[in-house]
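Worksheet for the structure shown next.
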Amino acid sequence: MLPLAAILLAVSCDGIQGEQVAEASSSATTLQEVAQMLSSLPLDGRQFAEVHSAVTASTLNGYDEEYTMKDLFAAPGSGVGDQVLGTKADGDYQHPLRDLIREYLSDRYRTKAGESDYAAVEEYIESLVDADIQIYWPFADCWDGKEEPVITFNPGTEAEANIGYTLDGNQVEVSEAVARERPVWVVNVNDDSAYTTYEMLLKQNPGWGQGGDIYVGTKADDETDVKSLRLKNFMMRRNYDSWFCGASEFFVKCGLVENFKAKTEDDLRLYVPTVTDFMVVVKRRQMGERVPFNVLLASEWTDQMEDIAFMITEDDGGTITSWKVEGTLKIKSKTYGIEIELPIHSRDDIVWRGCLSRRYLLNNSGKVQHFGDVEVTLELS
């Protein structure tokens, strides 16, 4: 089984101020409150640079342009994945954003005696962290290092525009077109930090080399034709979510019986399907671009395995279920079926799913293939 293969589990969170997290995640009122709070802070270039450093780090780790409240309070300037890698934030921030938030809340929560209610402040901060609230900065790579952001929030609808707050106290309408022209911070809820991106897997396992260049496992004997299957690149032809939600998180899932060399029907009991399941984050600015990967989906596909289960989904959460499909194996010219089960969430968008035959992949190896609203290049060699 490939070290890359992993079943990725969704995060579960506590509530915010007594509410269920499912309600908090879709509550525009809660997110709007945080956006208004941020716009009321005396922000300057120091905090702008901190947020920019964090979202840049998240991007380098394969995630969206995001700065979670968890990282904001635990390690200012750190991006999603930095703590897992043991990476420290680049800057030693003299007045980080977390200090401004605490000062604001200290004024907001006071006892009858006029003193700051420390317990109330920490409880509110904890609720922000537990609800996975974050700052999402689309098109952050275009920032000139000076211009102040407009701060808005995910309204939880399919609206293309929403109210935004400037740091001088004005309100403006914010759309994706505006976010392309000037810095916009969107307060929303994190969807991807619980997953491990391919970039993170490579950083955690540098010995793998450049993507699928490293073969894993032992090659079969000379009597069996063994090939490896790679995903060379990935292109998204449309955005699946509202721009307030951020990038599209796709999961590529592949199920087969690796290194299958059974000689009798009884040998079937010795084999179980292998599932490779990894996340591909495609940022909104990357729509229509062919993003290179070179991911090894299967290292030992023998000629006895006639087809594989293949599925691409766009993550929308929900309860974990599965898609069951029958793969076919051949033993001495006789065909046998084996059940392959691929994980899926109940609210996921199914971009494409089905079986891909060995013959089809050999005939189309290295060619662009269309699967719903995405295009991928698979190589079987």
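Residue numbering restarts at 1 in every chain; chains get A, B, ... in the order shown in the structure tokens, and ligands count up from 1 in that same order.
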Which residues are close to Lys324 of chain A, i.e. within 8 Å by only C-alpha atoms, leaving aside same-chain residues fewer than 3 positions away? Reply as number ranges by chain.
A: 339-342
Kindly save the residues from that selection, with all heavy atoms included, as an mmCIF file, in the first residue's frame.
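And here's part-v8.cif as it stands now:
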```
data_model
loop_
_atom_site.group_PDB
_atom_site.id
_atom_site.type_symbol
_atom_site.label_atom_id
_atom_site.label_comp_id
_atom_site.auth_asym_id
_atom_site.auth_seq_id
_atom_site.Cartn_x
_atom_site.Cartn_y
_atom_site.Cartn_z
ATOM 1 N N GLU A 339 -15.340 -6.161 -4.299
ATOM 2 C CA GLU A 339 -15.957 -4.902 -3.902
ATOM 3 C C GLU A 339 -14.913 -3.889 -3.449
ATOM 4 O O GLU A 339 -14.037 -4.202 -2.643
ATOM 5 C CB GLU A 339 -16.961 -5.128 -2.766
ATOM 6 C CG GLU A 339 -17.742 -3.867 -2.394
ATOM 7 C CD GLU A 339 -18.768 -4.111 -1.296
ATOM 8 O OE1 GLU A 339 -18.387 -4.014 -0.107
ATOM 9 O OE2 GLU A 339 -19.931 -4.407 -1.620
ATOM 10 N N ILE A 340 -15.015 -2.696 -3.988
ATOM 11 C CA ILE A 340 -14.139 -1.587 -3.603
ATOM 12 C C ILE A 340 -15.015 -0.488 -3.031
ATOM 13 O O ILE A 340 -16.057 -0.150 -3.590
ATOM 14 C CB ILE A 340 -13.352 -1.059 -4.816
ATOM 15 C CG1 ILE A 340 -12.478 -2.178 -5.401
ATOM 16 C CG2 ILE A 340 -12.485 0.133 -4.418
ATOM 17 C CD1 ILE A 340 -11.769 -1.788 -6.685
ATOM 18 N N GLU A 341 -14.607 0.069 -1.904
ATOM 19 C CA GLU A 341 -15.411 1.062 -1.196
ATOM 20 C C GLU A 341 -14.618 2.362 -1.068
ATOM 21 O O GLU A 341 -13.550 2.389 -0.467
ATOM 22 C CB GLU A 341 -15.793 0.521 0.188
ATOM 23 C CG GLU A 341 -16.820 1.347 0.915
ATOM 24 C CD GLU A 341 -17.351 0.619 2.158
ATOM 25 O OE1 GLU A 341 -17.108 -0.599 2.279
ATOM 26 O OE2 GLU A 341 -17.994 1.270 2.997
ATOM 27 N N LEU A 342 -15.142 3.424 -1.648
ATOM 28 C CA LEU A 342 -14.485 4.722 -1.590
ATOM 29 C C LEU A 342 -15.263 5.660 -0.673
ATOM 30 O O LEU A 342 -16.490 5.765 -0.782
ATOM 31 C CB LEU A 342 -14.392 5.347 -2.987
ATOM 32 C CG LEU A 342 -13.630 4.550 -4.046
ATOM 33 C CD1 LEU A 342 -13.568 5.334 -5.350
ATOM 34 C CD2 LEU A 342 -12.229 4.206 -3.575
#
```
From the list A:Tyr93, A:Phe234, A:Trp143, A:Trp137, which residue is nearest Arg46 of chain A when using only C-alpha atoms?
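With only C-alpha atoms as the atom set, the closest residue is A:Tyr93.
Shortest atom-to-atom contact with Val281 of chain A among A:Ala247, A:Leu296, A:Leu231, A:Ala120: A:Ala247, counting only C-alpha atoms.
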Each segment 17-135 of chain A residue no farther than 10 Å from segment 169-175 of chain A, nearest pair in Å, only C-alpha atoms, as a tab-separated table:
```
residue	atom	partner	partner_atom	distance
A:Gln36	CA	A:Gly169	CA	9.6
A:Ser39	CA	A:Gly169	CA	7.6
A:Ser40	CA	A:Gly169	CA	7.6
```
Between A:Tyr136, A:Tyr195, A:Tyr360, A:Trp352, smallest distance to Thr68 of chain A by only C-alpha atoms belongs to A:Tyr136
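The environment of Phe278 of chain A within 7 Å, counting only C-alpha atoms and disregarding residues fewer than 2 places along the same chain, consists of Thr197, Tyr198, Phe251, Val252, Lys253, Thr276 and Val280 of chain A.
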Would you mind exporting all heavy atoms of the selected residues as a compact mmCIF listing (two decimals), in the first residue's frame?
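Once written, result_11.txt looks like this:
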```txt
# COMPACT_ATOMS: atom_id res chain seq x y z
N THR A 197 -2.82 17.97 2.77
CA THR A 197 -2.64 18.20 1.35
C THR A 197 -1.45 17.39 0.83
O THR A 197 -0.62 16.92 1.60
CB THR A 197 -2.38 19.69 1.06
OG1 THR A 197 -1.16 20.08 1.70
CG2 THR A 197 -3.52 20.56 1.58
N TYR A 198 -1.38 17.29 -0.49
CA TYR A 198 -0.25 16.59 -1.08
C TYR A 198 1.06 17.32 -0.80
O TYR A 198 2.10 16.71 -0.57
CB TYR A 198 -0.46 16.44 -2.58
CG TYR A 198 0.61 15.63 -3.25
CD1 TYR A 198 0.81 14.29 -2.89
CD2 TYR A 198 1.44 16.18 -4.21
CE1 TYR A 198 1.80 13.53 -3.46
CE2 TYR A 198 2.43 15.42 -4.81
CZ TYR A 198 2.62 14.10 -4.44
OH TYR A 198 3.60 13.35 -5.01
N PHE A 251 -11.27 16.06 -3.87
CA PHE A 251 -10.64 14.83 -3.39
C PHE A 251 -10.61 13.83 -4.54
O PHE A 251 -11.63 13.55 -5.17
CB PHE A 251 -11.41 14.25 -2.20
CG PHE A 251 -11.13 14.98 -0.92
CD1 PHE A 251 -11.83 16.13 -0.61
CD2 PHE A 251 -10.15 14.55 -0.05
CE1 PHE A 251 -11.57 16.84 0.55
CE2 PHE A 251 -9.88 15.25 1.12
CZ PHE A 251 -10.59 16.39 1.41
N VAL A 252 -9.42 13.35 -4.81
CA VAL A 252 -9.21 12.35 -5.85
C VAL A 252 -9.07 11.00 -5.15
O VAL A 252 -8.21 10.83 -4.29
CB VAL A 252 -7.96 12.66 -6.69
CG1 VAL A 252 -7.76 11.59 -7.76
CG2 VAL A 252 -8.09 14.03 -7.35
N LYS A 253 -9.92 10.07 -5.53
CA LYS A 253 -9.96 8.77 -4.84
C LYS A 253 -9.81 7.66 -5.87
O LYS A 253 -10.47 7.66 -6.90
CB LYS A 253 -11.29 8.61 -4.09
CG LYS A 253 -11.60 9.78 -3.13
CD LYS A 253 -13.07 9.78 -2.72
CE LYS A 253 -13.44 11.08 -2.02
NZ LYS A 253 -13.01 11.11 -0.63
N THR A 276 -6.41 5.14 -2.39
CA THR A 276 -5.64 6.37 -2.32
C THR A 276 -6.63 7.52 -2.32
O THR A 276 -7.50 7.60 -3.19
CB THR A 276 -4.69 6.50 -3.52
OG1 THR A 276 -3.80 5.38 -3.53
CG2 THR A 276 -3.89 7.78 -3.44
N VAL A 280 -6.88 18.03 -3.33
CA VAL A 280 -6.32 18.99 -4.27
C VAL A 280 -7.06 20.31 -4.05
O VAL A 280 -8.27 20.39 -4.26
CB VAL A 280 -6.50 18.53 -5.73
CG1 VAL A 280 -6.05 19.63 -6.69
CG2 VAL A 280 -5.76 17.24 -5.99
```
For Asp315 of chain A, which of A:Asp191, A:Asp225, A:Glu379, A:Glu300 is the closest residue, counting only C-alpha atoms?
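Smallest separation from Asp315 of chain A among the options: A:Asp191.
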Mind checking which residues fall within 8 Å of Lys232 of chain A, counting only C-alpha atoms, ignoring those fewer than 6 positions away in the same chain, and posting them as a ChimeraX atom specification?
/A:292-295,366,376-379
I need the residues of segment 14-207 of chain A that end up classed as strand (DSSP E) by DSSP on the backbone, written out as a list in words.
Glu66, Tyr67, Thr68, Ile133, Gln134, Ile135, Tyr136, Val150, Ile151, Thr152, Phe153, Ala161, Asn162, Ile163, Gly164, Tyr165, Gln171, Val172, Glu173, Val174, Ser175, Val184, Trp185, Val186, Val187, Asn188 and Val189 of chain A
I need the residues in segment 110-330 of chain A that are alpha helix (DSSP H) according to DSSP; give them as JSON, numbers by chain.
{"A": [118, 119, 120, 121, 122, 123, 124, 125, 126, 127, 128, 129, 130, 176, 177, 178, 179, 180, 181, 198, 199, 200, 201, 202, 203, 204]}
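Nearest to Lys227 of chain A of all the residues A:Asp303, A:Asp241, A:Asp92, A:Asp132 is A:Asp303, counting only C-alpha atoms.
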